>>> print(open('my_file04.txt').read())   # compact mmCIF, C-alpha atoms and all ligand atoms
# COMPACT_ATOMS: atom_id res chain seq x y z
CA MET A 17 124.67 97.06 -241.24
CA VAL A 18 128.27 97.64 -242.34
CA MET A 19 130.66 94.84 -241.46
CA PHE A 20 133.32 95.83 -238.93
CA LEU A 21 135.65 92.94 -238.27
CA THR A 22 138.80 92.98 -236.16
CA ASP A 23 141.50 90.35 -236.57
CA SER A 24 142.90 90.51 -233.04
CA HIS A 25 145.97 88.35 -233.70
CA ALA A 26 147.87 87.96 -236.97
CA HIS A 27 151.51 87.83 -238.05
CA ILE A 28 151.31 89.87 -241.23
CA ASP A 29 154.91 91.03 -241.00
CA TYR A 30 155.97 87.47 -241.89
CA ASP A 31 158.08 86.91 -245.00
CA SER A 32 155.30 84.84 -246.56
CA TYR A 33 153.45 88.12 -247.31
CA ASP A 34 156.44 89.98 -248.71
CA THR A 35 155.38 89.42 -252.32
CA ASP A 36 151.69 90.33 -251.99
CA ARG A 37 151.17 92.20 -248.70
CA ASP A 38 149.17 95.03 -250.28
CA GLU A 39 146.84 92.64 -252.11
CA MET A 40 146.37 90.61 -248.93
CA LEU A 41 145.47 93.78 -247.00
CA GLY A 42 143.12 94.81 -249.81
CA ARG A 43 141.27 91.50 -249.52
CA ALA A 44 140.98 92.03 -245.76
CA GLN A 45 139.56 95.50 -246.27
CA SER A 46 137.00 94.41 -248.85
CA THR A 47 135.86 91.65 -246.46
CA GLY A 48 135.20 94.25 -243.75
CA VAL A 49 138.34 93.76 -241.66
CA GLN A 50 138.90 97.29 -240.43
CA ARG A 51 141.48 96.59 -237.75
CA ILE A 52 144.34 94.10 -237.43
CA LEU A 53 146.60 93.59 -234.44
CA ASN A 54 149.94 92.51 -235.87
CA ILE A 55 151.87 90.33 -233.46
CA ALA A 56 155.55 91.15 -233.93
CA LEU A 57 157.77 88.43 -232.53
CA GLY A 58 161.43 88.62 -231.55
CA PRO A 59 163.62 88.32 -229.78
CA GLU A 60 165.74 89.29 -232.80
CA SER A 61 165.80 93.07 -233.32
CA GLU A 62 165.58 92.69 -237.12
CA LYS A 63 162.13 91.14 -236.75
CA PHE A 64 160.84 93.98 -234.57
CA GLU A 65 162.39 96.56 -236.89
CA LYS A 66 160.61 95.02 -239.86
CA ALA A 67 157.21 95.13 -238.14
CA PHE A 68 157.66 98.73 -237.04
CA SER A 69 158.84 99.84 -240.45
CA LEU A 70 155.81 98.21 -242.10
CA PHE A 71 153.04 99.25 -239.73
CA GLU A 72 154.11 101.95 -237.30
CA LEU A 73 152.30 104.70 -239.16
CA SER A 74 149.19 102.72 -240.02
CA LYS A 75 145.94 103.64 -238.36
CA ASP A 76 144.24 100.34 -239.21
CA ILE A 77 147.05 98.04 -238.10
CA SER A 78 148.31 98.05 -234.54
CA ILE A 79 151.39 96.37 -233.15
CA ALA A 80 151.95 94.02 -230.25
CA VAL A 81 155.48 92.94 -229.40
CA GLY A 82 156.27 89.58 -227.91
CA VAL A 83 158.54 86.59 -227.67
CA HIS A 84 156.84 83.28 -228.38
CA PRO A 85 157.29 80.58 -225.72
CA HIS A 86 158.98 78.53 -228.46
CA ASP A 87 161.82 81.06 -228.31
CA ALA A 88 162.09 81.48 -224.54
CA GLY A 89 165.35 79.53 -224.68
CA LYS A 90 166.91 82.34 -226.75
CA MET A 91 166.31 84.92 -224.02
CA ASP A 92 168.96 86.46 -221.80
CA GLU A 93 169.32 89.81 -220.01
CA ASP A 94 170.66 91.52 -223.10
CA ALA A 95 167.74 90.29 -225.24
CA TYR A 96 165.34 91.29 -222.47
CA ASN A 97 166.64 94.86 -222.36
CA LYS A 98 166.30 95.19 -226.13
CA PHE A 99 162.82 93.70 -225.97
CA LYS A 100 161.81 96.11 -223.23
CA ALA A 101 162.86 99.07 -225.35
CA TYR A 102 160.58 97.92 -228.18
CA ALA A 103 157.68 97.22 -225.82
CA ALA A 104 158.01 100.69 -224.32
CA ARG A 105 157.73 102.46 -227.69
CA SER A 106 154.75 104.73 -228.02
CA GLY A 107 151.98 103.22 -230.10
CA VAL A 108 152.55 99.64 -228.98
CA SER A 109 149.11 98.21 -228.15
CA ALA A 110 149.99 95.06 -226.25
CA LEU A 111 152.67 92.77 -224.98
CA GLY A 112 152.52 89.41 -226.69
CA GLU A 113 152.29 86.89 -227.68
CA ILE A 114 153.91 85.52 -224.58
CA GLY A 115 153.08 82.34 -222.72
CA LEU A 116 153.70 78.65 -222.32
CA ASP A 117 153.66 75.84 -224.88
CA TYR A 118 154.18 72.39 -223.39
CA TYR A 119 152.74 70.67 -226.46
CA TYR A 120 155.74 71.39 -228.68
CA GLU A 121 158.09 72.26 -225.81
CA ASN A 122 160.53 73.86 -228.25
CA SER A 123 162.16 75.60 -225.29
CA PRO A 124 162.72 74.04 -221.85
CA ARG A 125 159.79 74.49 -219.47
CA GLU A 126 161.89 76.28 -216.85
CA ALA A 127 162.93 78.91 -219.41
CA GLN A 128 159.33 79.31 -220.58
CA VAL A 129 158.02 79.81 -217.03
CA LYS A 130 160.83 82.20 -216.11
CA TRP A 131 160.40 84.46 -219.13
CA PHE A 132 156.62 84.35 -219.13
CA GLY A 133 156.78 85.69 -215.58
CA ARG A 134 159.27 88.39 -216.53
CA PHE A 135 157.10 89.48 -219.46
CA LEU A 136 153.96 89.60 -217.32
CA ASP A 137 155.81 91.77 -214.80
CA LEU A 138 156.93 94.02 -217.66
CA ALA A 139 153.31 94.35 -218.85
CA LEU A 140 152.36 95.52 -215.36
CA GLU A 141 155.26 97.97 -215.34
CA LEU A 142 154.40 99.38 -218.78
CA LYS A 143 150.62 99.10 -218.20
CA LEU A 144 150.13 97.13 -221.41
CA PRO A 145 147.46 94.47 -221.97
CA VAL A 146 148.75 91.00 -222.78
CA THR A 147 147.98 88.41 -225.45
CA ILE A 148 148.78 84.98 -224.11
CA HIS A 149 149.63 81.74 -225.89
CA SER A 150 148.93 78.70 -223.71
CA ARG A 151 149.01 75.16 -225.00
CA ASP A 152 148.86 72.07 -222.78
CA ALA A 153 149.96 74.35 -219.95
CA PHE A 154 146.77 75.33 -218.14
CA ASP A 155 148.03 74.97 -214.56
CA ASP A 156 151.24 76.96 -214.94
CA THR A 157 149.52 79.63 -217.06
CA TYR A 158 146.75 79.98 -214.51
CA GLU A 159 149.22 80.31 -211.66
CA ALA A 160 151.29 82.98 -213.42
CA VAL A 161 148.32 85.14 -214.39
CA SER A 162 146.25 84.73 -211.22
CA LYS A 163 149.00 85.54 -208.76
CA ARG A 164 149.60 88.83 -210.57
CA ASP A 165 145.88 89.54 -211.14
CA ILE A 166 147.09 90.54 -214.60
CA PHE A 167 143.68 90.64 -216.34
CA ARG A 168 142.15 93.04 -213.84
CA LYS A 169 145.24 95.23 -213.69
CA VAL A 170 146.14 95.62 -217.37
CA GLY A 171 143.75 93.37 -219.31
CA GLY A 172 144.52 90.36 -221.42
CA VAL A 173 143.35 87.62 -223.74
CA LEU A 174 143.99 83.91 -224.07
CA HIS A 175 144.65 83.85 -227.79
CA CYS A 176 143.74 80.91 -230.04
CA PHE A 177 141.97 79.25 -227.16
CA THR A 178 141.75 75.46 -227.40
CA GLY A 179 140.89 74.55 -223.80
CA THR A 180 137.71 73.23 -222.24
CA ALA A 181 134.67 75.26 -221.17
CA GLU A 182 135.75 74.74 -217.57
CA GLU A 183 139.21 76.18 -218.26
CA ALA A 184 137.68 79.12 -220.14
CA LYS A 185 135.45 79.81 -217.15
CA LYS A 186 138.45 79.90 -214.81
CA PHE A 187 140.19 82.50 -216.99
CA LEU A 188 136.96 84.48 -217.43
CA ASP A 189 136.57 84.60 -213.66
CA LEU A 190 139.99 86.30 -213.50
CA GLY A 191 138.75 88.94 -215.97
CA ALA A 192 140.31 87.58 -219.18
CA TYR A 193 139.03 87.74 -222.72
CA ILE A 194 139.01 84.52 -224.75
CA SER A 195 139.92 84.53 -228.44
CA PHE A 196 138.94 81.93 -231.02
CA SER A 197 140.78 81.22 -234.27
CA GLY A 198 140.03 79.25 -237.42
CA ILE A 199 140.41 76.02 -235.45
CA ILE A 200 136.78 76.53 -234.49
CA THR A 201 135.76 75.85 -238.11
CA PHE A 202 137.45 72.43 -238.25
CA LYS A 203 135.14 69.44 -238.50
CA LYS A 204 136.76 67.67 -235.56
CA ALA A 205 136.60 70.73 -233.27
CA GLU A 206 133.14 70.04 -231.85
CA GLU A 207 134.33 70.29 -228.24
CA LEU A 208 135.92 73.68 -228.95
CA ARG A 209 132.65 74.90 -230.49
CA GLN A 210 130.91 73.92 -227.25
CA THR A 211 133.55 75.88 -225.33
CA ALA A 212 132.88 78.91 -227.56
CA LYS A 213 129.16 78.56 -226.95
CA SER A 214 129.83 78.85 -223.21
CA VAL A 215 131.91 82.05 -223.48
CA PRO A 216 129.84 85.26 -223.28
CA ILE A 217 130.09 87.23 -226.53
CA GLU A 218 131.05 90.33 -224.51
CA LYS A 219 134.27 88.56 -223.46
CA MET A 220 135.16 87.09 -226.84
CA LEU A 221 137.68 88.10 -229.48
CA ILE A 222 138.25 86.55 -232.89
CA GLU A 223 141.50 86.14 -234.81
CA THR A 224 143.22 84.32 -237.64
CA ASP A 225 146.76 83.81 -236.24
CA ALA A 226 147.66 84.13 -239.93
CA PRO A 227 149.69 82.78 -241.69
CA PHE A 228 148.90 79.72 -239.55
CA LEU A 229 145.67 77.84 -238.77
CA THR A 230 143.81 78.48 -242.02
CA PRO A 231 140.07 77.91 -241.47
CA ASP A 232 137.83 75.60 -243.47
CA PRO A 233 137.22 75.66 -246.42
CA TYR A 234 140.62 77.20 -247.19
CA ARG A 235 142.76 74.66 -245.31
CA GLY A 236 146.03 73.93 -247.07
CA LYS A 237 146.34 77.54 -248.25
CA ARG A 238 148.23 80.29 -246.46
CA ASN A 239 145.96 81.98 -243.92
CA GLU A 240 145.25 85.73 -244.04
CA PRO A 241 143.14 88.27 -242.11
CA ALA A 242 140.24 88.21 -244.62
CA TYR A 243 139.47 84.70 -243.41
CA VAL A 244 138.58 85.98 -239.93
CA LEU A 245 135.11 86.20 -241.47
CA ARG A 246 134.92 82.40 -241.29
CA VAL A 247 135.55 82.56 -237.54
CA ALA A 248 132.83 85.21 -237.17
CA GLU A 249 130.39 83.11 -239.21
CA THR A 250 131.02 80.06 -237.05
CA ILE A 251 130.53 82.04 -233.82
CA ALA A 252 127.37 83.62 -235.26
CA ALA A 253 125.87 80.20 -235.96
CA LEU A 254 126.76 78.99 -232.44
CA LYS A 255 125.35 82.06 -230.74
CA GLY A 256 122.30 82.64 -232.92
CA LEU A 257 123.52 86.10 -233.88
CA SER A 258 124.12 87.73 -237.24
CA VAL A 259 127.68 87.84 -238.57
CA GLU A 260 127.51 91.64 -238.47
CA GLU A 261 126.62 91.56 -234.77
CA VAL A 262 129.47 89.17 -233.96
CA ALA A 263 131.86 91.37 -235.96
CA LYS A 264 130.71 94.53 -234.19
CA ILE A 265 130.75 93.13 -230.66
CA THR A 266 134.11 91.38 -230.98
CA SER A 267 135.56 94.55 -232.54
CA GLU A 268 134.28 96.60 -229.61
CA ASN A 269 135.78 94.06 -227.21
CA ALA A 270 139.16 94.30 -228.93
CA ALA A 271 138.99 98.10 -228.91
CA ARG A 272 138.23 98.09 -225.19
CA LEU A 273 141.04 95.67 -224.37
CA PHE A 274 143.74 97.13 -226.61
CA ARG A 275 142.51 100.74 -226.34
CA PHE A 276 142.26 101.20 -230.11
ZN ZN A 301 150.12 81.54 -230.36
ZN ZN A 302 150.40 83.91 -232.99
>>> encode(input="my_file04.txt", output="structure tokens", more="lines below")
Ligand SMILES: [Zn+2]
Ligand SMILES: [Zn+2]
Amino acid sequence: MVMFLTDSHAHIDYDSYDTDRDEMLGRAQSTGVQRILNIALGPESEKFEKAFSLFELSKDISIAVGVHPHDAGKMDEDAYNKFKAYAARSGVSALGEIGLDYYYENSPREAQVKWFGRFLDLALELKLPVTIHSRDAFDDTYEAVSKRDIFRKVGGVLHCFTGTAEEAKKFLDLGAYISFSGIITFKKAEELRQTAKSVPIEKMLIETDAPFLTPDPYRGKRNEPAYVLRVAETIAALKGLSVEEVAKITSENAARLFRF
């Protein structure tokens, strides 16, 4: 069976790849990564412009546009209108990442909640699926997504999921996909592996979140999409499936959600 991996969440427009982006993409390809969703983050226009200029014409790399909850404090109406114009461009596969991060709380909670709500409403308006970042913010995330029925209306994924099996179940019941990153390979992540075991493979995505969260045994190095194989291997061991099966099913899930 040919390997068909999808890295459903990576930031490969980041400056850290500027010197070797083609080599990095070559390594992804030779590992079997046939599709990458690049998460372009603003709100600065230059950042969106860079992502579009790099990947707009690529058939193997799709683009999502978002504003990380860390940067919610930078948002205003002017930034929102610019953001909306990027999100509405043809070829954009998803809105995100958007969400809430109360662990770092780099932006005030009120600003995070306000803009997360505005972005979810925009996803409904543009009929785009969402990729959601939620850290130490289960209750507020759940409220925002459930009251809009966002997963049933446009589809969406909790990216880099680090919650409990119970929390995963609550999102799954709303129709969400759950995505696991390289964190699942970490020695101390036994509880997260149990969570992953509880999530049906048909509702699971895999990702690197590169350049962050490098999986074992590459920790300490810059992360890159080729290492999504380590996530697939870990899921395969947990589920008693072959790596090829995990790759194929999670790729089909991503294609269904993001309409690749
Ligand atoms: Zn994130
Ligand atoms: Zn990310």
>>> residues_near_ligand(input="my_file04.txt", ligand="ligand ZN 302 (chain A)", cutoff="7 Å", atoms="all atoms listed in the file", output="list in words")
His25, Ala26, His27, Ile55, Glu113 and Asp225 of chain A
>>> residues_around(input="my_file04.txt", residues="Asp29 in chain A", least_positions_apart="2", cutoff="8 Å", atoms="all atoms listed in the file", output="list of chain:residue names")
A:His27, A:Asp31, A:Tyr33, A:Asp34, A:Asn54, A:Ala56, A:Lys66, A:Ala67, A:Leu70
>>> write_last_selection(input="my_file04.txt", atoms="C-alpha atoms", output="PDB file, in the coordinates of the input")
ATOM      1  CA  HIS A  27     151.510  87.830-238.050  1.00  0.00           C
ATOM      2  CA  ASP A  31     158.080  86.910-245.000  1.00  0.00           C
ATOM      3  CA  TYR A  33     153.450  88.120-247.310  1.00  0.00           C
ATOM      4  CA  ASP A  34     156.440  89.980-248.710  1.00  0.00           C
ATOM      5  CA  ASN A  54     149.940  92.510-235.870  1.00  0.00           C
ATOM      6  CA  ALA A  56     155.550  91.150-233.930  1.00  0.00           C
ATOM      7  CA  LYS A  66     160.610  95.020-239.860  1.00  0.00           C
ATOM      8  CA  ALA A  67     157.210  95.130-238.140  1.00  0.00           C
ATOM      9  CA  LEU A  70     155.810  98.210-242.100  1.00  0.00           C
TER      10      LEU A  70
END
>>> residues_near_ligand(input="my_file04.txt", ligand="ligand ZN 301 (chain A)", cutoff="7 Å", atoms="all atoms listed in the file", output="PyMOL selection string")
chain A and resi 113+149+175-176
>>> closest_residue(input="my_file04.txt", among="A:Ser123, A:Val244, A:Ser258, A:Ala253", to="Arg43 in chain A", atoms="only C-alpha atoms")
A:Val244
>>> residues_around(input="my_file04.txt", residues="Arg164 in chain A", least_positions_apart="5", cutoff="10 Å", atoms="all atoms listed in the file", output="list in words")
Gly133, Leu136, Asp137, Leu140, Glu159 and Lys169 of chain A
>>> closest_residue(input="my_file04.txt", among="A:Asp23, A:Asp117, A:Glu60, A:Glu72", to="Met91 in chain A", atoms="only C-alpha atoms")
A:Glu60
>>> residues_around(input="my_file04.txt", residues="Phe276 in chain A", least_positions_apart="5", cutoff="12 Å", atoms="only C-alpha atoms", output="PyMOL selection string")
chain A and resi 22+24+50-53+75-79+107-110+145+267-271
>>> atom_distance(input="my_file04.txt", atom1="CA of Val129 in chain A", atom2="CA of Arg105 in chain A")
25.0 Å
>>> closest_residue(input="my_file04.txt", among="A:Thr211, A:Ser162, A:Thr35, A:Ser150", to="Gln128 in chain A", atoms="only C-alpha atoms")
A:Ser150
>>> closest_residue(input="my_file04.txt", among="A:Ser214, A:Thr178, A:Asn97, A:Thr47", to="Ile199 in chain A", atoms="all atoms listed in the file")
A:Thr178
>>> atom_distance(input="my_file04.txt", atom1="CA of Arg209 in chain A", atom2="CA of His84 in chain A")
25.7 Å
>>> atom_distance(input="my_file04.txt", atom1="CA of Met19 in chain A", atom2="CA of Ala248 in chain A")
10.8 Å
>>> residues_around(input="my_file04.txt", residues="Tyr119 in chain A", least_positions_apart="4", cutoff="8 Å", atoms="all atoms listed in the file", output="PDB file with C-alpha atoms, in the coordinates of the input")
ATOM      1  CA  ARG A 151     149.010  75.160-225.000  1.00  0.00           C
ATOM      2  CA  ASP A 152     148.860  72.070-222.780  1.00  0.00           C
ATOM      3  CA  ALA A 153     149.960  74.350-219.950  1.00  0.00           C
TER       4      ALA A 153
END
>>> residues_around(input="my_file04.txt", residues="Leu229 in chain A", least_positions_apart="3", cutoff="10 Å", atoms="only C-alpha atoms", output="PyMOL selection string")
chain A and resi 176+197-200+202+224-226+232+234-240
>>> axis_aligned_box(input="my_file04.txt", around="range 81-85 of chain A", padding_each_side="5 Å", output="lines of an AutoDock Vina configuration file")
center_x = 157.0
center_y = 86.8
center_z = -227.6
size_x = 13.1
size_y = 22.4
size_z = 13.7
>>> closest_residue(input="my_file04.txt", among="A:Pro124, A:Pro216, A:Gly58, A:Pro233", to="Ile251 in chain A", atoms="all atoms listed in the file")
A:Pro216
